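Visitor: Contents of upload_28.pdb (PDB, C-alpha atoms):
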ATOM      1  CA  MET A   1     -14.225  17.307  13.899
ATOM      2  CA  PHE A   2     -16.435  16.646  10.933
ATOM      3  CA  THR A   3     -16.248  15.152   7.473
ATOM      4  CA  LEU A   4     -17.949  16.215   4.267
ATOM      5  CA  ARG A   5     -19.344  13.776   1.723
ATOM      6  CA  PHE A   6     -20.573  14.714  -1.723
ATOM      7  CA  ASP A   7     -22.210  12.565  -4.384
ATOM      8  CA  MET A   8     -23.828  15.482  -6.253
ATOM      9  CA  ARG A   9     -27.179  13.785  -6.814
ATOM     10  CA  ALA A  10     -29.553  16.264  -8.427
ATOM     11  CA  PRO A  11     -33.057  14.835  -8.793
ATOM     12  CA  GLU A  12     -35.646  16.893 -10.652
ATOM     13  CA  LYS A  13     -37.153  18.180  -7.408
ATOM     14  CA  GLY A  14     -33.753  19.232  -6.079
ATOM     15  CA  ALA A  15     -31.414  22.091  -6.881
ATOM     16  CA  ARG A  16     -29.810  22.594 -10.287
ATOM     17  CA  PRO A  17     -26.486  20.776 -10.817
ATOM     18  CA  SER A  18     -24.706  24.086 -11.494
ATOM     19  CA  ASP A  19     -25.843  25.428  -8.123
ATOM     20  CA  LEU A  20     -24.929  22.214  -6.304
ATOM     21  CA  TYR A  21     -21.421  22.022  -7.755
ATOM     22  CA  ALA A  22     -20.696  25.665  -7.012
ATOM     23  CA  ALA A  23     -21.977  25.251  -3.455
ATOM     24  CA  ALA A  24     -20.038  22.045  -2.856
ATOM     25  CA  ILE A  25     -16.709  23.634  -3.784
ATOM     26  CA  GLU A  26     -17.511  26.678  -1.649
ATOM     27  CA  MET A  27     -18.508  24.455   1.272
ATOM     28  CA  CYS A  28     -15.197  22.620   1.095
ATOM     29  CA  ALA A  29     -13.263  25.886   1.077
ATOM     30  CA  TRP A  30     -15.310  27.257   3.990
ATOM     31  CA  ALA A  31     -15.239  24.077   6.053
ATOM     32  CA  ALA A  32     -11.520  23.521   5.559
ATOM     33  CA  THR A  33     -10.854  26.472   7.871
ATOM     34  CA  ARG A  34     -13.448  25.370  10.434
ATOM     35  CA  GLY A  35     -12.524  21.857  11.429
ATOM     36  CA  ALA A  36     -13.325  19.691   8.415
ATOM     37  CA  ILE A  37     -10.846  16.836   8.222
ATOM     38  CA  VAL A  38     -11.696  15.261   4.863
ATOM     39  CA  ALA A  39     -13.941  15.616   1.833
ATOM     40  CA  VAL A  40     -15.264  12.255   0.632
ATOM     41  CA  LEU A  41     -16.275  11.958  -3.035
ATOM     42  CA  SER A  42     -18.101   9.026  -4.586
ATOM     43  CA  GLU A  43     -18.504   7.869  -8.187
ATOM     44  CA  HIS A  44     -21.378   6.412 -10.201
ATOM     45  CA  HIS A  45     -22.351   6.582 -13.856
ATOM     46  CA  GLY A  46     -25.492   6.912 -15.936
ATOM     47  CA  THR A  47     -27.830   7.549 -13.016
ATOM     48  CA  ASP A  48     -31.180   9.286 -13.349
ATOM     49  CA  ASP A  49     -30.216  11.906 -10.767
ATOM     50  CA  GLY A  50     -26.773  12.739 -12.125
ATOM     51  CA  HIS A  51     -24.601  11.134  -9.440
ATOM     52  CA  LEU A  52     -21.027  12.447  -9.665
ATOM     53  CA  PRO A  53     -19.260  10.573 -12.516
ATOM     54  CA  SER A  54     -15.923  12.446 -12.460
ATOM     55  CA  PRO A  55     -14.573  12.635  -8.920
ATOM     56  CA  LEU A  56     -11.013  13.429 -10.039
ATOM     57  CA  ILE A  57     -12.195  16.642 -11.693
ATOM     58  CA  PHE A  58     -14.184  17.556  -8.596
ATOM     59  CA  ALA A  59     -11.160  16.757  -6.433
ATOM     60  CA  ALA A  60      -8.939  19.011  -8.541
ATOM     61  CA  ALA A  61     -11.367  21.914  -8.105
ATOM     62  CA  THR A  62     -11.525  21.267  -4.357
ATOM     63  CA  ALA A  63      -7.765  21.000  -4.028
ATOM     64  CA  ALA A  64      -7.331  24.297  -5.849
ATOM     65  CA  ARG A  65      -9.589  26.050  -3.330
ATOM     66  CA  THR A  66      -8.062  24.511  -0.196
ATOM     67  CA  GLU A  67      -4.611  24.094   1.293
ATOM     68  CA  ARG A  68      -4.840  21.353   3.912
ATOM     69  CA  LEU A  69      -8.160  19.567   3.470
ATOM     70  CA  ALA A  70      -7.683  15.864   2.780
ATOM     71  CA  ILE A  71      -9.722  14.387  -0.072
ATOM     72  CA  ILE A  72     -10.658  10.746  -0.561
ATOM     73  CA  LEU A  73     -12.375   9.164  -3.549
ATOM     74  CA  VAL A  74     -14.534   6.187  -2.492
ATOM     75  CA  ALA A  75     -15.045   3.918  -4.316
ATOM     76  CA  VAL A  76     -13.589   4.424  -7.762
ATOM     77  CA  PRO A  77     -14.569   1.423  -9.944
ATOM     78  CA  ILE A  78     -11.240   0.544 -11.479
ATOM     79  CA  PRO A  79     -12.561  -1.811 -14.220
ATOM     80  CA  PHE A  80     -14.047   1.237 -15.994
ATOM     81  CA  TRP A  81     -10.743   3.091 -16.203
ATOM     82  CA  ASP A  82      -7.865   2.811 -18.635
ATOM     83  CA  PRO A  83      -4.979   2.443 -16.157
ATOM     84  CA  VAL A  84      -2.560   4.536 -18.225
ATOM     85  CA  ARG A  85      -4.901   7.482 -18.508
ATOM     86  CA  LEU A  86      -5.895   7.085 -14.867
ATOM     87  CA  ALA A  87      -2.257   7.127 -13.766
ATOM     88  CA  GLU A  88      -1.667  10.350 -15.693
ATOM     89  CA  GLU A  89      -4.689  12.057 -14.146
ATOM     90  CA  MET A  90      -3.746  10.846 -10.673
ATOM     91  CA  ALA A  91      -0.206  12.167 -11.107
ATOM     92  CA  VAL A  92      -1.421  15.627 -12.101
ATOM     93  CA  LEU A  93      -3.978  15.675  -9.289
ATOM     94  CA  ASP A  94      -1.282  14.612  -6.828
ATOM     95  CA  ILE A  95       0.768  17.639  -7.886
ATOM     96  CA  ILE A  96      -2.185  20.041  -7.724
ATOM     97  CA  SER A  97      -3.183  18.803  -4.276
ATOM     98  CA  ASN A  98       0.355  18.343  -2.977
ATOM     99  CA  GLY A  99      -0.426  14.743  -2.109
ATOM    100  CA  ARG A 100      -3.748  15.321  -0.315
ATOM    101  CA  VAL A 101      -5.873  12.947  -2.424
ATOM    102  CA  THR A 102      -6.375   9.322  -1.390
ATOM    103  CA  TYR A 103      -8.098   6.681  -3.495
ATOM    104  CA  ALA A 104     -10.203   3.689  -2.513
ATOM    105  CA  PHE A 105     -10.752   1.527  -5.576
ATOM    106  CA  GLY A 106     -13.618  -0.896  -5.987
ATOM    107  CA  ILE A 107     -15.060  -2.983  -8.790
ATOM    108  CA  GLY A 108     -18.567  -1.505  -9.039
ATOM    109  CA  HIS A 109     -21.818  -3.342  -8.490
ATOM    110  CA  ARG A 110     -24.327  -1.921 -10.991
ATOM    111  CA  ALA A 111     -24.869  -3.881 -14.196
ATOM    112  CA  GLU A 112     -26.103  -0.654 -15.804
ATOM    113  CA  GLU A 113     -22.663   0.904 -15.402
ATOM    114  CA  TYR A 114     -20.901  -2.047 -17.013
ATOM    115  CA  GLU A 115     -23.271  -1.723 -19.948
ATOM    116  CA  HIS A 116     -22.619   2.030 -19.982
ATOM    117  CA  PHE A 117     -18.894   1.426 -20.519
ATOM    118  CA  GLY A 118     -19.243  -1.688 -22.654
ATOM    119  CA  VAL A 119     -17.337  -3.785 -20.119
ATOM    120  CA  ASP A 120     -18.174  -7.433 -19.451
ATOM    121  CA  MET A 121     -19.291  -7.569 -15.813
ATOM    122  CA  ARG A 122     -18.298 -11.222 -15.620
ATOM    123  CA  ARG A 123     -14.662 -10.164 -16.015
ATOM    124  CA  ARG A 124     -14.726  -7.426 -13.374
ATOM    125  CA  GLY A 125     -12.563  -9.222 -10.829
ATOM    126  CA  ARG A 126      -9.911 -10.069 -13.393
ATOM    127  CA  LEU A 127      -9.998  -6.562 -14.868
ATOM    128  CA  ALA A 128      -9.689  -5.010 -11.425
ATOM    129  CA  GLY A 129      -6.623  -7.092 -10.641
ATOM    130  CA  GLU A 130      -4.936  -6.378 -13.968
ATOM    131  CA  ASN A 131      -5.675  -2.652 -13.981
ATOM    132  CA  LEU A 132      -4.603  -2.228 -10.366
ATOM    133  CA  ALA A 133      -1.285  -4.021 -10.877
ATOM    134  CA  LEU A 134      -0.395  -1.874 -13.887
ATOM    135  CA  LEU A 135      -1.584   1.337 -12.217
ATOM    136  CA  LEU A 136       0.620   0.764  -9.175
ATOM    137  CA  GLU A 137       3.657   0.257 -11.393
ATOM    138  CA  LEU A 138       2.968   3.328 -13.501
ATOM    139  CA  LEU A 139       2.568   5.604 -10.479
ATOM    140  CA  LYS A 140       6.131   4.907  -9.412
ATOM    141  CA  GLY A 141       7.239   7.268 -12.181
ATOM    142  CA  GLU A 142       9.502   4.883 -14.084
ATOM    143  CA  ALA A 143       9.032   3.566 -17.607
ATOM    144  CA  VAL A 144       7.162   0.260 -17.735
ATOM    145  CA  ILE A 145       7.170  -2.364 -20.462
ATOM    146  CA  HIS A 146       3.674  -3.800 -20.648
ATOM    147  CA  GLU A 147       2.520  -6.268 -23.308
ATOM    148  CA  GLY A 148       5.430  -5.275 -25.501
ATOM    149  CA  ARG A 149       4.902  -1.521 -25.326
ATOM    150  CA  ARG A 150       6.761   1.136 -23.374
ATOM    151  CA  ILE A 151       4.647   3.282 -21.045
ATOM    152  CA  HIS A 152       6.055   6.222 -19.103
ATOM    153  CA  VAL A 153       3.665   8.347 -17.039
ATOM    154  CA  THR A 154       4.881  11.914 -16.635
ATOM    155  CA  PRO A 155       5.075  14.182 -14.756
ATOM    156  CA  ARG A 156       5.992  12.280 -11.628
ATOM    157  CA  CYS A 157       3.648  12.407  -8.695
ATOM    158  CA  ALA A 158       4.474  14.854  -5.937
ATOM    159  CA  THR A 159       4.161  11.925  -3.534
ATOM    160  CA  ASN A 160       7.096   9.549  -3.654
ATOM    161  CA  GLY A 161       5.833   6.251  -5.044
ATOM    162  CA  GLY A 162       2.439   7.687  -5.893
ATOM    163  CA  PRO A 163      -0.694   8.693  -3.979
ATOM    164  CA  ASN A 164      -2.128   6.730  -1.101
ATOM    165  CA  ILE A 165      -4.260   3.900  -2.511
ATOM    166  CA  MET A 166      -6.647   1.531  -0.748
ATOM    167  CA  LEU A 167      -9.289  -0.898  -1.871
ATOM    168  CA  ALA A 168     -12.949  -0.880  -0.907
ATOM    169  CA  GLY A 169     -15.372  -3.768  -0.946
ATOM    170  CA  GLY A 170     -17.185  -6.358   1.058
ATOM    171  CA  SER A 171     -16.008  -9.693  -0.300
ATOM    172  CA  PRO A 172     -13.101 -12.077   0.342
ATOM    173  CA  ALA A 173     -11.929 -11.439  -3.233
ATOM    174  CA  ALA A 174     -11.615  -7.702  -2.531
ATOM    175  CA  VAL A 175      -9.729  -8.420   0.688
ATOM    176  CA  LYS A 176      -7.291 -10.729  -1.088
ATOM    177  CA  ARG A 177      -6.735  -8.156  -3.840
ATOM    178  CA  ALA A 178      -5.815  -5.498  -1.266
ATOM    179  CA  ALA A 179      -3.578  -7.879   0.698
ATOM    180  CA  LYS A 180      -1.723  -8.992  -2.427
ATOM    181  CA  HIS A 181      -0.387  -5.464  -2.898
ATOM    182  CA  GLY A 182      -0.184  -4.496   0.771
ATOM    183  CA  LEU A 183      -2.904  -1.858   0.396
ATOM    184  CA  GLY A 184      -5.294  -0.634   3.069
ATOM    185  CA  PHE A 185      -8.882  -1.846   3.006
ATOM    186  CA  ILE A 186     -12.228  -0.095   3.565
ATOM    187  CA  SER A 187     -15.002  -2.575   4.227
ATOM    188  CA  GLN A 188     -18.608  -1.963   3.275
ATOM    189  CA  THR A 189     -19.780  -4.502   5.840
ATOM    190  CA  ASN A 190     -18.965  -5.064   9.502
ATOM    191  CA  ASN A 191     -17.623  -8.603   9.156
ATOM    192  CA  PRO A 192     -14.824  -9.627  11.566
ATOM    193  CA  ALA A 193     -13.961 -12.569   9.324
ATOM    194  CA  LEU A 194     -12.958 -10.168   6.559
ATOM    195  CA  LYS A 195     -10.538  -8.389   8.880
ATOM    196  CA  GLU A 196      -8.971 -11.685   9.940
ATOM    197  CA  LEU A 197      -8.677 -12.730   6.294
ATOM    198  CA  TYR A 198      -7.113  -9.399   5.364
ATOM    199  CA  GLU A 199      -4.457  -9.615   8.061
ATOM    200  CA  SER A 200      -3.565 -13.228   7.311
ATOM    201  CA  GLN A 201      -3.408 -12.601   3.573
ATOM    202  CA  CYS A 202      -1.197  -9.545   4.023
ATOM    203  CA  ARG A 203       1.304 -11.611   5.987
ATOM    204  CA  ALA A 204       1.093 -14.442   3.452
ATOM    205  CA  ASN A 205       2.053 -11.936   0.735
ATOM    206  CA  GLY A 206       4.928 -10.510   2.771
ATOM    207  CA  HIS A 207       3.210  -7.277   3.826
ATOM    208  CA  ALA A 208       2.415  -5.817   7.210
ATOM    209  CA  PRO A 209      -1.372  -5.289   7.476
ATOM    210  CA  GLY A 210      -2.266  -1.750   6.492
ATOM    211  CA  PHE A 211      -5.019   0.651   7.425
ATOM    212  CA  THR A 212      -8.483  -0.882   7.690
ATOM    213  CA  GLN A 213     -11.867   0.681   8.261
ATOM    214  CA  PHE A 214     -14.955  -1.311   9.170
ATOM    215  CA  PRO A 215     -18.358   0.341   9.667
ATOM    216  CA  ASP A 216     -19.670   0.959  13.160
ATOM    217  CA  GLY A 217     -23.090  -0.637  13.238
ATOM    218  CA  SER A 218     -24.362   1.919  15.733
ATOM    219  CA  ALA A 219     -23.029   5.076  14.082
ATOM    220  CA  PRO A 220     -24.895   7.232  11.554
ATOM    221  CA  THR A 221     -23.376   7.844   8.150
ATOM    222  CA  ALA A 222     -25.193  11.098   7.343
ATOM    223  CA  VAL A 223     -25.764  13.738  10.026
ATOM    224  CA  PHE A 224     -27.461  17.125  10.057
ATOM    225  CA  VAL A 225     -27.546  19.559  12.997
ATOM    226  CA  ALA A 226     -30.707  21.540  13.693
ATOM    227  CA  ASP A 227     -32.258  23.819  16.303
ATOM    228  CA  ASP A 228     -35.671  22.240  15.672
ATOM    229  CA  VAL A 229     -35.391  18.517  14.920
ATOM    230  CA  ASP A 230     -39.067  18.089  13.982
ATOM    231  CA  GLY A 231     -38.913  21.058  11.652
ATOM    232  CA  ALA A 232     -35.674  19.766  10.157
ATOM    233  CA  TRP A 233     -37.203  16.376   9.371
ATOM    234  CA  ASN A 234     -40.087  18.132   7.638
ATOM    235  CA  GLU A 235     -37.654  20.197   5.590
ATOM    236  CA  LEU A 236     -34.938  17.610   4.928
ATOM    237  CA  GLY A 237     -36.965  14.419   4.925
ATOM    238  CA  PRO A 238     -37.810  14.227   1.201
ATOM    239  CA  TYR A 239     -34.171  14.803   0.223
ATOM    240  CA  LEU A 240     -32.863  12.227   2.685
ATOM    241  CA  LEU A 241     -35.455   9.721   1.539
ATOM    242  CA  HIS A 242     -34.448  10.191  -2.096
ATOM    243  CA  ASP A 243     -30.847   9.542  -1.137
ATOM    244  CA  ALA A 244     -31.772   6.437   0.871
ATOM    245  CA  MET A 245     -34.065   4.912  -1.723
ATOM    246  CA  THR A 246     -31.665   5.568  -4.587
ATOM    247  CA  ALA A 247     -28.718   4.045  -2.732
ATOM    248  CA  ALA A 248     -30.825   1.017  -1.806
ATOM    249  CA  ALA A 249     -31.922   0.571  -5.423
ATOM    250  CA  TYR A 250     -28.278   0.374  -6.476
ATOM    251  CA  ARG A 251     -27.896  -2.695  -4.250
ATOM    252  CA  HIS A 252     -30.843  -4.773  -5.489
ATOM    253  CA  GLY A 253     -31.602  -6.433  -2.159
ATOM    254  CA  ASP A 254     -28.055  -6.548  -0.768
ATOM    255  CA  ASP A 255     -28.421  -5.587   2.902
ATOM    256  CA  THR A 256     -24.817  -6.298   3.897
ATOM    257  CA  VAL A 257     -23.718  -2.708   3.218
ATOM    258  CA  ALA A 258     -23.859  -0.765   6.472
ATOM    259  CA  SER A 259     -25.026   2.532   4.986
ATOM    260  CA  ILE A 260     -28.086   1.098   3.211
ATOM    261  CA  SER A 261     -31.602   1.795   4.477
ATOM    262  CA  ARG A 262     -34.735   0.095   3.164
ATOM    263  CA  ALA A 263     -37.055   2.844   4.417
ATOM    264  CA  GLN A 264     -39.919   3.731   2.080
ATOM    265  CA  THR A 265     -41.181   6.811   3.909
ATOM    266  CA  VAL A 266     -39.675   9.720   5.812
ATOM    267  CA  GLU A 267     -41.286   8.371   8.973
ATOM    268  CA  GLU A 268     -39.575   5.000   8.540
ATOM    269  CA  LEU A 269     -36.276   6.709   7.829
ATOM    270  CA  ARG A 270     -36.545   8.826  10.961
ATOM    271  CA  ALA A 271     -37.518   5.866  13.146
ATOM    272  CA  ALA A 272     -34.405   3.900  12.191
ATOM    273  CA  PRO A 273     -31.377   4.519  14.441
ATOM    274  CA  ARG A 274     -29.146   4.916  11.403
ATOM    275  CA  PRO A 275     -27.872   5.758   8.803
ATOM    276  CA  TYR A 276     -29.567   9.219   8.727
ATOM    277  CA  ARG A 277     -29.668  11.292  11.903
ATOM    278  CA  ILE A 278     -30.617  14.851  12.758
ATOM    279  CA  PHE A 279     -28.920  16.023  15.952
ATOM    280  CA  THR A 280     -29.573  19.014  18.124
ATOM    281  CA  THR A 281     -26.522  21.212  18.643
ATOM    282  CA  ASP A 282     -26.014  19.749  22.116
ATOM    283  CA  GLU A 283     -26.261  16.194  20.778
ATOM    284  CA  ALA A 284     -23.750  16.964  18.038
ATOM    285  CA  THR A 285     -21.370  18.528  20.541
ATOM    286  CA  GLU A 286     -21.561  15.476  22.802
ATOM    287  CA  TYR A 287     -21.045  13.184  19.817
ATOM    288  CA  VAL A 288     -17.790  14.944  18.953
ATOM    289  CA  ARG A 289     -16.704  15.021  22.594
ATOM    290  CA  GLY A 290     -17.026  11.250  22.522
ATOM    291  CA  GLY A 291     -14.130  11.121  20.106
ATOM    292  CA  ARG A 292     -16.092  10.764  16.880
ATOM    293  CA  SER A 293     -16.405  13.069  13.904
ATOM    294  CA  LEU A 294     -19.713  14.232  12.454
ATOM    295  CA  PRO A 295     -20.268  12.617   9.029
ATOM    296  CA  LEU A 296     -21.976  15.378   7.059
ATOM    297  CA  LEU A 297     -23.717  15.026   3.711
ATOM    298  CA  PRO A 298     -24.490  18.713   3.198
ATOM    299  CA  LEU A 299     -26.229  18.543  -0.182
ATOM    300  CA  CYS A 300     -27.964  15.204   0.382
ATOM    301  CA  GLY A 301     -30.498  14.320  -2.289
ATOM    302  CA  GLY A 302     -30.067  17.602  -4.156
ATOM    303  CA  LEU A 303     -30.790  19.746  -1.090
ATOM    304  CA  PRO A 304     -30.808  23.384  -2.276
ATOM    305  CA  PRO A 305     -27.727  25.250  -1.025
ATOM    306  CA  GLY A 306     -29.842  27.937   0.616
ATOM    307  CA  LEU A 307     -31.364  25.291   2.870
ATOM    308  CA  ALA A 308     -28.115  23.369   3.304
ATOM    309  CA  TRP A 309     -25.810  26.114   4.544
ATOM    310  CA  PRO A 310     -27.410  26.707   7.983
ATOM    311  CA  TYR A 311     -27.169  22.989   8.791
ATOM    312  CA  LEU A 312     -23.496  22.949   7.843
ATOM    313  CA  GLU A 313     -22.787  26.072   9.865
ATOM    314  CA  ARG A 314     -24.479  24.613  12.963
ATOM    315  CA  ALA A 315     -22.504  21.391  12.604
ATOM    316  CA  ALA A 316     -19.219  23.269  12.374
ATOM    317  CA  SER A 317     -20.155  25.358  15.412
ATOM    318  CA  ALA A 318     -21.054  22.235  17.409
ATOM    319  CA  ALA A 319     -17.745  20.603  16.529
ATOM    320  CA  ALA A 320     -15.837  23.756  17.479
ATOM    321  CA  GLN A 321     -17.683  23.989  20.780
ATOM    322  CA  ALA A 322     -16.811  20.385  21.590
ATOM    323  CA  HIS A 323     -13.116  21.140  21.194
ATOM    324  CA  GLU A 324     -13.277  24.413  23.107
ATOM    325  CA  ASN A 325     -14.803  22.663  26.100
ATOM    326  CA  ALA A 326     -12.646  19.560  25.918
TER     327      ALA A 326
END
Let me see the file written as structure tokens.
Guide:
Amino acid sequence: MFTLRFDMRAPEKGARPSDLYAAAIEMCAWAATRGAIVAVLSEHHGTDDGHLPSPLIFAAATAARTERLAIILVAVPIPFWDPVRLAEEMAVLDIISNGRVTYAFGIGHRAEEYEHFGVDMRRRGRLAGENLALLLELLKGEAVIHEGRRIHVTPRCATNGGPNIMLAGGSPAAVKRAAKHGLGFISQTNNPALKELYESQCRANGHAPGFTQFPDGSAPTAVFVADDVDGAWNELGPYLLHDAMTAAAYRHGDDTVASISRAQTVEELRAAPRPYRIFTTDEATEYVRGGRSLPLLPLCGGLPPGLAWPYLERAASAAAQAHENA
């Protein structure tokens, strides 16, 4: 088993965006027939390296090229979206994908993005709650009267009641927002207190606790598979470091997020036990045999597709071998 994650970062020293997008769609189509279980798409805006700003469009292209591959958008900052327009796009994407797209909504954490959209960051929690409540109603497919106006999102979603929706975050406020609506929760931090709060708040709001995912502090979040690990670090290191340093810069000193590394050099990145790991084929096979999936970031840091494909192919082969010998 393995997962694919794409953020489509394209720094100047990386591949061209047109090449990366074409490769990413092709990788999803190829991997969907070779053990990939989900494609994970992220969203950011106004970044210097062109981080994917339109994951729904990317998801539609992926869904059109695949038949069974699940797709999840993590984390879509709901304060930036008009909930009516978002509901319409989600409904169409649900039809195109036949219900294969899941959403994890967040509130965003970069002041630059709030400025980009002209949204007051101080109101983000309130906006998230209001937009989410209206969105959930609209996705049911019935007409809604909201602030004196009639809103009716058509066509109906292929999924009864609308697509699967969760919330993502790392704060008690995010937990309470998910529990209020009985939604699943993806945590950015491994905090047992958040899980306890989520479960108690779900019950307090009359819901059974839903799906939760908390990061494994010992597990990598971006894996590559190589025949020569030293050679792979020489080849991949600059791209992985760009990814790590850019992600860390988004957080401005917040070290609670499990996937963040503060490495400043390739050597520091390699020495850390996570989040970036390069496995041998045997190591990758054993990892999958242990019941875990390989979290792949095939085009990490704008990695040129010509360099990326062999790593993806080795990862898929390792995962297949693990299942053959199980």
Visitor: Around (-1.2, 7.9, -6.6) in the file's own coordinates, what residues are found within 8 Å if you use only C-alpha atoms, given back as number ranges by chain?
Guide: A: 87, 90-91, 94, 102-103, 136, 139, 157, 159, 161-165
Visitor: Would you put the residues from that selection into a file with C-alpha atoms, as a PDB file, keeping the file's coordinate frame?
Guide:
ATOM      1  CA  ALA A  87      -2.257   7.127 -13.766  1.00  0.00           C
ATOM      2  CA  MET A  90      -3.746  10.846 -10.673  1.00  0.00           C
ATOM      3  CA  ALA A  91      -0.206  12.167 -11.107  1.00  0.00           C
ATOM      4  CA  ASP A  94      -1.282  14.612  -6.828  1.00  0.00           C
ATOM      5  CA  THR A 102      -6.375   9.322  -1.390  1.00  0.00           C
ATOM      6  CA  TYR A 103      -8.098   6.681  -3.495  1.00  0.00           C
ATOM      7  CA  LEU A 136       0.620   0.764  -9.175  1.00  0.00           C
ATOM      8  CA  LEU A 139       2.568   5.604 -10.479  1.00  0.00           C
ATOM      9  CA  CYS A 157       3.648  12.407  -8.695  1.00  0.00           C
ATOM     10  CA  THR A 159       4.161  11.925  -3.534  1.00  0.00           C
ATOM     11  CA  GLY A 161       5.833   6.251  -5.044  1.00  0.00           C
ATOM     12  CA  GLY A 162       2.439   7.687  -5.893  1.00  0.00           C
ATOM     13  CA  PRO A 163      -0.694   8.693  -3.979  1.00  0.00           C
ATOM     14  CA  ASN A 164      -2.128   6.730  -1.101  1.00  0.00           C
ATOM     15  CA  ILE A 165      -4.260   3.900  -2.511  1.00  0.00           C
TER      16      ILE A 165
END
Visitor: Fewer than 6 positions away in the same chain doesn't count, so skip those; otherwise give me all residues within 12 Å of Gly206 of chain A, counting all atoms listed in the file, as a PyMOL selection string.
Guide: chain A and resi 179-183+199-200
Visitor: Between A:Asn325, A:Ser171, A:Asn191, A:Ser54, which has the minimum distance to Leu86 of chain A (counting only C-alpha atoms)?
Guide: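 When distances to Leu86 of chain A are compared using only C-alpha atoms, the smallest one comes from A:Ser54.
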Visitor: Using all atoms listed in the file, which residues sit within 10 Å of Ala308 of chain A once same-chain residues fewer than 3 positions away are excluded, as number ranges by chain?
Guide: A: 23, 27, 224, 236, 297-300, 302-305, 311-313
Visitor: Using C-alpha atoms, can you write the selected residues to a file as a CSV table (one decimal), in the coordinates of the input?
Guide:
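Saved the output as result_17.csv:
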chain,number,residue,atom,x,y,z
A,23,ALA,CA,-22.0,25.3,-3.5
A,27,MET,CA,-18.5,24.5,1.3
A,224,PHE,CA,-27.5,17.1,10.1
A,236,LEU,CA,-34.9,17.6,4.9
A,297,LEU,CA,-23.7,15.0,3.7
A,298,PRO,CA,-24.5,18.7,3.2
A,299,LEU,CA,-26.2,18.5,-0.2
A,300,CYS,CA,-28.0,15.2,0.4
A,302,GLY,CA,-30.1,17.6,-4.2
A,303,LEU,CA,-30.8,19.7,-1.1
A,304,PRO,CA,-30.8,23.4,-2.3
A,305,PRO,CA,-27.7,25.2,-1.0
A,311,TYR,CA,-27.2,23.0,8.8
A,312,LEU,CA,-23.5,22.9,7.8
A,313,GLU,CA,-22.8,26.1,9.9
Visitor: When you count only C-alpha atoms, which of these residues is closest to Arg274 of chain A: A:Ala219, A:Val257, A:Ala22, A:Ala32?
Guide: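 Among the listed residues, the smallest separation from Arg274 of chain A belongs to A:Ala219.
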Visitor: At most 12 Å from (5.2, 2.7, -18.9), file frame, all atoms listed in the file: which residues, as a ChimeraX atom specification?
Guide: /A:83-85,87-88,134-154
Visitor: What does the distance between atom CA of Glu196 of chain A and atom CA of Gly108 of chain A come to in Å, to one decimal place?
Guide: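 Separation of atom CA of Glu196 of chain A and atom CA of Gly108 of chain A: 23.6 Å.
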Visitor: Mind pulling up the distance from atom CA of Gly301 of chain A to atom CA of Pro17 of chain A?
Guide: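 Here the two named atoms are 11.4 Å from each other.
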Visitor: Return as a PyMOL selection string the set of residues that the PyMOL selection byres ((chain A and resi 282) around 12) yields on the displayed structure.
Guide: chain A and resi 225-229+278-281+283-289+314-315+317-322
Visitor: Which residues, written as number ranges by chain, have at least one atom at most 7 Å from Tyr276 of chain A, with all atoms listed in the file counted and residues fewer than 3 positions away on the same chain left out?
Guide: A: 220-223
Visitor: So, with all atoms listed in the file as the atoms that count, which of A:Ala263, A:Ala31, A:Met8, A:Ile72 lies closest to Pro53 of chain A?
Guide: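 Nearest to Pro53 of chain A: A:Met8.
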Visitor: With a distance cut-off of 6 Å and all atoms listed in the file, select the neighbouring residues of Thr3 of chain A, excluding the residue or stretch itself and same-chain residues fewer than 4 positions from it, and output the selection as a list in words.
Guide: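 The residues satisfying every condition are Ala36, Ile37, Val38, Pro295 and Leu296 of chain A.
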